[in-house]
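Data from run-v1.txt: compact mmCIF, C-alpha atoms
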```
# COMPACT_ATOMS: atom_id res chain seq x y z
CA MET A 4 9.87 18.29 16.26
CA ASN A 5 7.81 16.74 13.46
CA MET A 6 6.26 19.32 11.16
CA THR A 7 3.38 18.76 8.76
CA VAL A 8 4.35 19.35 5.13
CA LEU A 9 1.79 21.73 3.70
CA ASP A 10 0.77 22.39 0.11
CA ARG A 11 3.25 24.79 -1.48
CA SER A 12 1.50 25.08 -4.81
CA PRO A 13 1.44 28.64 -6.14
CA ASP A 14 -1.70 30.70 -6.12
CA PRO A 15 -3.23 30.49 -9.61
CA ALA A 16 -4.43 34.09 -9.25
CA ALA A 17 -0.83 35.29 -9.04
CA THR A 18 1.21 36.21 -12.08
CA ALA A 19 4.72 37.52 -12.48
CA ASP A 20 3.54 41.11 -12.60
CA ARG A 21 0.52 40.98 -10.31
CA PRO A 22 0.69 39.32 -6.88
CA ALA A 23 -2.36 37.57 -5.48
CA GLN A 24 -4.86 39.81 -3.73
CA ALA A 25 -5.01 37.75 -0.53
CA TYR A 26 -3.64 40.72 1.39
CA MET A 27 -6.80 42.81 0.96
CA GLY A 28 -8.74 43.09 4.18
CA PHE A 29 -5.73 41.98 6.21
CA ILE A 30 -5.25 42.53 9.94
CA ASP A 31 -2.30 44.80 10.66
CA CYS A 32 -0.55 43.80 13.89
CA ASP A 33 1.73 46.83 14.19
CA VAL A 34 0.33 50.33 13.67
CA HIS A 35 2.02 53.25 15.43
CA PRO A 36 -0.10 56.19 16.58
CA TYR A 37 1.73 59.35 17.61
CA THR A 38 0.84 62.53 19.42
CA LYS A 39 0.27 65.87 17.73
CA GLY A 40 2.10 67.69 20.51
CA PRO A 41 3.65 67.34 23.97
CA ASN A 42 0.40 68.13 25.79
CA ASP A 43 -1.85 65.50 24.19
CA PHE A 44 -1.92 63.39 27.35
CA ASP A 45 -2.73 66.28 29.68
CA PRO A 46 -6.53 65.76 29.61
CA PHE A 47 -6.04 62.21 30.87
CA LEU A 48 -3.75 63.02 33.82
CA SER A 49 -5.01 63.83 37.30
CA LYS A 50 -4.19 67.28 38.66
CA ARG A 51 -1.50 65.75 40.85
CA TRP A 52 0.36 64.24 37.92
CA LEU A 53 -0.33 67.08 35.53
CA ASP A 54 1.30 69.43 38.02
CA HIS A 55 4.21 66.99 38.31
CA LYS A 56 4.61 66.85 34.54
CA ASN A 57 4.56 70.62 34.14
CA SER A 58 6.79 71.45 37.11
CA ILE A 59 9.24 68.54 37.25
CA GLY A 60 8.81 66.50 34.08
CA GLY A 61 9.94 63.00 33.31
CA ARG A 62 13.18 61.25 34.23
CA PRO A 63 13.76 58.50 31.68
CA ARG A 64 16.23 55.67 32.17
CA GLN A 65 18.12 56.63 29.03
CA ALA A 66 21.91 56.82 29.17
CA LEU A 67 22.28 58.73 25.91
CA ALA A 68 19.67 61.29 26.90
CA LYS A 69 20.40 63.73 24.06
CA MET A 70 20.83 61.05 21.43
CA PRO A 71 17.91 60.09 19.18
CA MET A 72 17.26 56.41 18.61
CA TYR A 73 17.22 56.94 14.84
CA PRO A 74 19.89 58.62 12.69
CA ARG A 75 19.63 62.24 11.64
CA MET A 76 19.37 61.22 7.99
CA SER A 77 15.94 59.82 8.83
CA PRO A 78 13.93 62.79 10.12
CA GLY A 79 11.08 62.36 12.55
CA SER A 80 12.41 59.24 14.29
CA GLY A 81 12.45 57.00 11.26
CA MET A 82 9.22 57.94 9.47
CA ARG A 83 8.36 57.53 5.80
CA MET A 84 8.61 60.87 4.07
CA ASP A 85 5.04 60.96 2.73
CA SER A 86 3.50 60.33 6.17
CA TRP A 87 3.93 63.93 7.39
CA PRO A 88 0.47 65.54 7.75
CA LYS A 89 -0.15 68.71 5.81
CA ASP A 90 -0.89 70.58 9.03
CA GLY A 91 2.69 70.00 10.17
CA GLY A 92 1.95 67.36 12.76
CA HIS A 93 4.03 64.29 13.47
CA PRO A 94 3.71 61.21 11.22
CA GLY A 95 1.13 58.86 12.66
CA SER A 96 -0.71 61.65 14.47
CA ASP A 97 -3.38 62.26 11.84
CA LEU A 98 -6.17 59.67 11.73
CA ALA A 99 -7.43 60.81 8.33
CA LEU A 100 -3.98 60.34 6.78
CA MET A 101 -3.60 56.94 8.45
CA GLN A 102 -6.93 55.94 6.98
CA GLU A 103 -5.90 57.17 3.54
CA GLN A 104 -2.44 55.57 3.49
CA LEU A 105 -3.22 52.34 5.30
CA LEU A 106 -6.67 51.46 6.59
CA ASP A 107 -8.76 52.45 3.56
CA LEU A 108 -6.07 51.79 0.95
CA PHE A 109 -5.93 48.09 1.82
CA ASP A 110 -9.40 47.74 3.35
CA VAL A 111 -7.70 46.79 6.63
CA SER A 112 -10.21 44.93 8.78
CA ALA A 113 -8.36 45.68 12.04
CA GLY A 114 -5.26 47.62 13.01
CA LEU A 115 -3.54 46.83 16.30
CA LEU A 116 -2.07 49.96 17.84
CA ALA A 117 1.45 49.92 19.22
CA PRO A 118 1.99 53.30 20.94
CA LEU A 119 5.63 54.28 21.31
CA VAL A 120 4.75 57.44 23.20
CA GLY A 121 4.30 58.54 26.79
CA GLY A 122 7.54 57.15 28.16
CA SER A 123 5.82 55.25 30.95
CA ALA A 124 8.02 52.17 30.80
CA ALA A 125 11.28 54.11 30.95
CA GLU A 126 10.24 56.51 33.72
CA ARG A 127 12.38 56.44 36.87
CA ASN A 128 9.52 57.82 38.96
CA ILE A 129 7.47 54.62 39.12
CA ALA A 130 4.20 56.24 40.16
CA PHE A 131 4.43 58.88 37.43
CA GLY A 132 5.21 56.14 34.91
CA SER A 133 2.04 54.30 35.88
CA ALA A 134 0.02 57.50 35.59
CA MET A 135 1.39 58.04 32.09
CA ALA A 136 0.50 54.46 31.13
CA THR A 137 -3.11 55.08 32.14
CA ALA A 138 -3.13 58.38 30.24
CA VAL A 139 -1.84 56.70 27.08
CA ASN A 140 -4.59 54.09 27.35
CA GLU A 141 -7.30 56.73 27.65
CA TRP A 142 -5.70 58.65 24.77
CA GLN A 143 -5.85 55.55 22.57
CA LEU A 144 -9.57 55.25 23.16
CA ALA A 145 -10.40 58.92 22.69
CA HIS A 146 -8.27 59.65 19.65
CA TRP A 147 -8.12 56.34 17.81
CA CYS A 148 -10.33 53.43 18.89
CA ILE A 149 -13.57 55.37 19.29
CA PRO A 150 -13.26 57.46 16.08
CA ASP A 151 -12.29 54.37 14.01
CA LYS A 152 -13.50 51.05 15.36
CA ARG A 153 -11.02 49.17 13.18
CA LEU A 154 -8.23 50.33 15.49
CA LYS A 155 -7.61 48.25 18.60
CA GLY A 156 -5.63 49.47 21.60
CA ALA A 157 -2.76 47.86 23.48
CA VAL A 158 -2.91 48.22 27.26
CA GLN A 159 0.17 50.12 28.41
CA VAL A 160 1.60 49.19 31.81
CA ASN A 161 4.63 50.05 33.89
CA ILE A 162 6.11 46.63 34.73
CA GLU A 163 8.21 48.09 37.55
CA ASP A 164 4.94 48.84 39.35
CA GLY A 165 3.57 45.33 39.78
CA PRO A 166 0.33 46.16 41.65
CA GLY A 167 -0.31 49.17 39.42
CA ALA A 168 0.23 47.14 36.26
CA VAL A 169 -2.13 44.39 37.43
CA ALA A 170 -4.77 46.99 38.34
CA GLU A 171 -4.49 48.59 34.89
CA ILE A 172 -4.84 45.21 33.16
CA GLU A 173 -7.90 44.32 35.23
CA LYS A 174 -9.39 47.75 34.57
CA ARG A 175 -9.26 47.10 30.81
CA ALA A 176 -10.37 43.47 31.00
CA GLY A 177 -13.52 42.83 29.01
CA ASP A 178 -13.12 46.01 26.96
CA ARG A 179 -12.68 44.58 23.47
CA ARG A 180 -11.34 47.88 22.23
CA PHE A 181 -8.11 46.61 23.81
CA CYS A 182 -6.68 43.40 22.34
CA GLN A 183 -3.40 42.88 24.18
CA VAL A 184 -1.02 44.18 26.83
CA ASN A 185 2.14 45.87 25.66
CA ILE A 186 5.26 45.12 27.72
CA PRO A 187 8.51 46.78 26.58
CA PRO A 188 11.17 44.16 25.86
CA ARG A 189 14.06 46.06 27.42
CA GLY A 190 13.34 45.91 31.12
CA ILE A 191 15.48 46.30 34.19
CA GLU A 192 15.61 42.52 34.52
CA PRO A 193 14.78 39.60 32.18
CA LEU A 194 11.03 39.23 31.80
CA GLY A 195 10.94 35.68 33.14
CA ARG A 196 11.99 36.75 36.65
CA GLN A 197 9.51 36.07 39.46
CA ARG A 198 8.94 39.76 40.13
CA TYR A 199 7.08 40.01 36.80
CA LEU A 200 4.99 36.83 37.17
CA PRO A 201 1.92 38.57 38.70
CA ILE A 202 1.74 40.88 35.67
CA LEU A 203 2.06 38.03 33.19
CA ALA A 204 -0.48 35.99 35.15
CA ALA A 205 -2.93 38.92 35.03
CA CYS A 206 -2.53 39.09 31.26
CA ALA A 207 -3.32 35.40 30.89
CA ALA A 208 -6.18 35.46 33.39
CA ASN A 209 -7.86 38.27 31.45
CA ASP A 210 -7.23 36.66 28.04
CA PHE A 211 -4.79 39.35 26.92
CA PRO A 212 -1.84 38.20 24.81
CA VAL A 213 1.41 39.91 25.78
CA SER A 214 2.86 42.07 23.02
CA LEU A 215 6.63 42.49 23.13
CA HIS A 216 7.31 45.31 20.69
CA LEU A 217 10.97 45.84 20.01
CA GLY A 218 12.71 48.99 21.23
CA GLY A 219 12.63 51.13 24.33
CA THR A 220 15.27 51.64 26.96
CA SER A 221 15.98 50.29 30.43
CA GLY A 222 19.10 52.28 31.23
CA HIS A 223 21.23 49.23 30.42
CA ALA A 224 23.38 49.16 27.28
CA SER A 225 21.39 48.15 24.22
CA THR A 226 23.79 45.33 23.32
CA GLY A 227 25.38 42.58 25.40
CA GLY A 228 28.78 44.15 24.80
CA GLY A 229 27.96 47.74 25.75
CA TRP A 230 26.73 50.86 24.00
CA PRO A 231 27.30 50.76 20.23
CA SER A 232 28.92 53.55 18.25
CA PHE A 233 26.53 53.51 15.31
CA TYR A 234 22.86 53.14 14.51
CA HIS A 235 24.01 50.44 12.12
CA GLU A 236 24.96 48.45 15.26
CA GLU A 237 21.90 49.46 17.27
CA HIS A 238 19.32 48.34 14.73
CA PRO A 239 20.49 44.71 14.33
CA SER A 240 20.92 44.43 18.10
CA TYR A 241 17.13 44.47 18.47
CA VAL A 242 17.20 40.79 17.55
CA GLN A 243 19.40 40.10 20.60
CA THR A 244 16.69 41.65 22.76
CA MET A 245 14.01 39.36 21.36
CA GLN A 246 16.21 36.30 21.74
CA THR A 247 16.82 37.19 25.39
CA LEU A 248 13.09 37.40 26.00
CA VAL A 249 12.46 33.96 24.54
CA ILE A 250 15.29 32.42 26.55
CA SER A 251 14.19 34.04 29.80
CA LEU A 252 10.50 33.17 29.53
CA VAL A 253 11.23 29.56 28.58
CA CYS A 254 14.15 28.79 30.89
CA GLU A 255 12.61 30.46 33.94
CA GLY A 256 9.63 28.13 33.57
CA VAL A 257 7.06 30.89 33.05
CA PHE A 258 4.89 28.72 30.83
CA GLU A 259 4.79 25.95 33.42
CA ARG A 260 3.53 28.47 35.98
CA ILE A 261 1.20 30.25 33.52
CA PRO A 262 0.21 27.59 30.96
CA ASN A 263 -2.29 29.78 29.11
CA LEU A 264 0.10 32.71 28.56
CA LYS A 265 0.34 33.88 24.94
CA VAL A 266 3.25 36.02 23.73
CA VAL A 267 3.56 37.99 20.50
CA MET A 268 6.94 39.28 19.33
CA VAL A 269 6.46 42.39 17.22
CA GLU A 270 8.97 43.97 14.84
CA GLY A 271 11.83 41.70 15.86
CA GLY A 272 12.12 39.56 12.76
CA PHE A 273 11.76 35.80 13.04
CA ALA A 274 14.31 33.97 10.87
CA TRP A 275 16.56 33.67 13.95
CA LEU A 276 13.96 31.69 15.90
CA PRO A 277 14.64 28.18 14.52
CA ALA A 278 18.39 28.40 15.18
CA LEU A 279 17.81 29.71 18.70
CA CYS A 280 15.45 26.84 19.46
CA TRP A 281 17.89 24.27 18.08
CA ARG A 282 20.57 25.64 20.40
CA LEU A 283 18.19 25.73 23.39
CA ASP A 284 17.09 22.15 22.77
CA LYS A 285 20.64 20.91 22.42
CA HIS A 286 21.75 22.42 25.73
CA TRP A 287 18.54 21.45 27.51
CA LYS A 288 19.36 17.80 26.91
CA ARG A 289 22.60 18.31 28.87
CA LEU A 290 21.32 20.74 31.50
CA LYS A 291 17.95 19.30 32.50
CA GLN A 292 19.12 18.93 36.07
CA GLU A 293 19.38 22.70 36.43
CA VAL A 294 15.83 23.31 35.18
CA PRO A 295 13.88 20.25 36.36
CA PHE A 296 10.61 22.21 36.23
CA LEU A 297 10.72 22.18 32.41
CA THR A 298 8.60 19.21 31.37
CA LYS A 299 9.21 19.54 27.63
CA SER A 300 11.86 20.83 25.27
CA PRO A 301 12.32 24.61 24.84
CA SER A 302 11.20 24.44 21.21
CA GLU A 303 7.90 22.91 22.30
CA TYR A 304 7.21 25.85 24.62
CA VAL A 305 8.02 28.23 21.77
CA HIS A 306 5.69 26.47 19.34
CA GLU A 307 2.87 26.48 21.89
CA HIS A 308 3.14 29.97 23.37
CA PHE A 309 4.78 32.37 20.88
CA TRP A 310 3.53 34.22 17.82
CA VAL A 311 5.58 36.53 15.59
CA SER A 312 4.74 39.47 13.35
CA THR A 313 6.21 39.71 9.89
CA GLN A 314 7.79 43.15 9.70
CA PRO A 315 10.74 43.28 9.23
CA ILE A 316 10.76 40.21 7.00
CA GLU A 317 14.18 38.71 6.39
CA GLU A 318 15.07 38.29 2.72
CA PRO A 319 17.34 35.25 2.20
CA GLU A 320 19.48 35.08 -0.93
CA ARG A 321 17.47 32.04 -1.97
CA PRO A 322 13.84 33.20 -1.62
CA GLN A 323 12.60 29.63 -1.33
CA ASP A 324 14.43 29.34 1.99
CA MET A 325 11.78 31.64 3.45
CA LEU A 326 9.20 28.87 3.00
CA SER A 327 11.27 26.53 5.16
CA ILE A 328 11.54 29.18 7.90
CA LEU A 329 7.80 29.85 7.84
CA GLU A 330 7.08 26.14 7.94
CA TRP A 331 9.36 25.54 10.93
CA ILE A 332 7.82 28.37 12.95
CA GLY A 333 4.37 27.33 11.81
CA PRO A 334 2.13 29.33 9.47
CA ASP A 335 -0.42 29.34 12.30
CA ARG A 336 1.97 31.40 14.45
CA ILE A 337 2.81 34.19 12.00
CA MET A 338 0.81 37.42 11.65
CA PHE A 339 1.19 40.22 9.14
CA SER A 340 2.25 43.72 10.16
CA THR A 341 3.21 46.88 8.29
CA ASP A 342 4.90 49.01 10.98
CA TYR A 343 3.12 52.10 9.63
CA PRO A 344 4.32 54.89 9.38
CA HIS A 345 8.01 53.97 9.78
CA TRP A 346 10.51 54.27 6.96
CA ASP A 347 10.91 50.50 6.66
CA GLN A 348 7.17 49.83 6.58
CA ASP A 349 6.13 46.74 4.62
CA ASP A 350 3.65 46.97 1.77
CA PRO A 351 1.47 43.85 1.98
CA ARG A 352 1.60 43.41 -1.79
CA TYR A 353 5.36 43.03 -1.90
CA ALA A 354 6.46 42.04 1.61
CA PHE A 355 7.12 38.40 0.74
CA LYS A 356 9.69 37.87 -1.99
CA VAL A 357 8.43 34.35 -2.58
CA GLN A 358 4.94 33.12 -3.39
CA ILE A 359 3.52 31.56 -0.25
CA PRO A 360 0.85 28.85 -0.36
CA ARG A 361 -2.76 29.96 -0.53
CA ASP A 362 -3.74 28.49 2.84
CA TRP A 363 -0.74 30.17 4.48
CA GLN A 364 -1.76 33.53 3.03
CA GLU A 365 -5.16 33.31 4.67
CA GLN A 366 -3.61 32.43 8.02
CA ILE A 367 -0.83 35.01 7.98
CA TYR A 368 -2.76 37.97 6.61
CA LYS A 369 -5.99 37.42 8.54
CA GLY A 370 -6.84 34.15 10.24
CA ASN A 371 -4.16 33.91 12.92
CA ALA A 372 -4.71 37.41 14.31
CA ARG A 373 -8.48 37.04 14.11
CA ALA A 374 -8.32 33.89 16.24
CA LEU A 375 -5.68 35.12 18.72
CA TYR A 376 -7.34 38.47 19.39
CA HIS A 377 -10.96 37.30 19.09
CA LEU A 378 -11.68 39.76 16.29
CA ASP A 379 -14.96 39.68 14.39
```

Represent the structure of the file as structure tokens.
Amino acid sequence: MNMTVLDRSPDPAATADRPAQAYMGFIDCDVHPYTKGPNDFDPFLSKRWLDHKNSIGGRPRQALAKMPMYPRMSPGSGMRMDSWPKDGGHPGSDLALMQEQLLDLFDVSAGLLAPLVGGSAAERNIAFGSAMATAVNEWQLAHWCIPDKRLKGAVQVNIEDGPGAVAEIEKRAGDRRFCQVNIPPRGIEPLGRQRYLPILAACAANDFPVSLHLGGTSGHASTGGGWPSFYHEEHPSYVQTMQTLVISLVCEGVFERIPNLKVVMVEGGFAWLPALCWRLDKHWKRLKQEVPFLTKSPSEYVHEHFWVSTQPIEEPERPQDMLSILEWIGPDRIMFSTDYPHWDQDDPRYAFKVQIPRDWQEQIYKGNARALYHLD
């Protein structure tokens, strides 16, 4: 695919010891709010489901039920050490501290919430999972979006409840306090399957980009070869999950059926995307007969329908190689994210180890997210 060669001249405002200030006022595409305690969602559950929660509880599709997703050496499920509130709450649960450490510190113009709480997507009881998704959405409004209008919610849905998910999306349509629909990347089946098409179509029809935030559990092994022994294996395997999503959505012809669908891959890296597309294009030339509904090459679908967030940013041995990766993906398809308050959070001042062109900075830190999410 022909790519336009953009100006790579350095920013004259940048010096060796002081990076350019283009990051100020950026839009953060990955902010994690957390609960203060296990009962935070109770006010947003009906009596029927509150009784269920208190008497029966959840049944997650998690094989290693007593095993945390993060190693013990990183307390609090992988949080930065200075993000613990003074009142003893969980990192990410205190709005004032989030404002101090992120929103006010960098004059963030908008922060897109990515709740990793509630367990709705992994719940075996489908109806209870949908009830929890609704509760998390109401909780986002009450505790985050209303108190600080810079924070924008992500509609939580249970994709195993197709009608319920569509109803939740339509319920939030037109409410600009919500900017996207969050669909966990590790589902029971690949996301491109027909059973999920009504949910994806509802997202597109209501102008909600789909956010695929890495992580979660489906009950299946987290790697293609089975359950890993170490967190050191688990963490890099997240990339395999994101690759599977791209392959499924493209090869199943989702974008032919839903041509206005927009997909954002969050916290999955992005340096792997060019190589994956090269491989997909190569095999598509030989296997067109199997997928005759694809009217263009896989890489074209990716360029037209996918966006990526920056954190975690790969750091090649030759920093200049990062410019080639960004150029291939397209600087108009990359959006900045911190992943606050996780231990590997990116500081916008130092996230890129190479000076990126001035026009790219404006797009990545602000412009792309502002246009995609219709932010003021």

Name the residues within 12 Å of (-9.6, 34.0, 21.0), counting all atoms listed in the file in the file's coordinates, and put them as a PyMOL selection string. chain A and resi 179+182-183+207+209-212+263+265+370-379

What does the distance from atom CA of A:Tyr343 to atom CA of A:Arg153 come to in Å, to one decimal?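 For atom CA of A:Tyr343 relative to atom CA of A:Arg153, the distance reads 14.9 Å.
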
Find the spatial neighbours of A:Gln314, counting only C-alpha atoms, within a cut-off of 7 Å - ignore same-chain residues fewer than 4 positions away - and output them as a PyMOL selection string. chain A and resi 270+272+340-342+349

Compile the contact shell of stretch 294-302 of chain A as a compact mmCIF listing (two decimals) with C-alpha atoms, keeping the file's coordinate frame: residues with an atom at most 9 Å away, counting only C-alpha atoms, same-chain residues fewer than 5 positions apart removed.
```txt
# COMPACT_ATOMS: atom_id res chain seq x y z
CA MET A 4 9.87 18.29 16.26
CA ILE A 250 15.29 32.42 26.55
CA VAL A 253 11.23 29.56 28.58
CA CYS A 254 14.15 28.79 30.89
CA GLU A 255 12.61 30.46 33.94
CA GLY A 256 9.63 28.13 33.57
CA PHE A 258 4.89 28.72 30.83
CA GLU A 259 4.79 25.95 33.42
CA PRO A 277 14.64 28.18 14.52
CA LEU A 279 17.81 29.71 18.70
CA CYS A 280 15.45 26.84 19.46
CA TRP A 281 17.89 24.27 18.08
CA LEU A 283 18.19 25.73 23.39
CA ASP A 284 17.09 22.15 22.77
CA TRP A 287 18.54 21.45 27.51
CA LYS A 288 19.36 17.80 26.91
CA GLU A 307 2.87 26.48 21.89
```

Which of A:Ile202, A:Val120, A:Met82, A:Ile59 sits closest to A:Thr38 [using all atoms listed in the file]: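 Closest residue, counting all atoms listed in the file: A:Val120.
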
Edge lengths and centre in Å to one decimal, as lines of an AutoDock Vina configuration file, of the axis-aligned box that encloses all listed atoms of stretch 83-87 of chain A with 4 Å added on every side?
```
center_x = 6.1
center_y = 60.7
center_z = 5.1
size_x = 13.1
size_y = 14.4
size_z = 12.7
```
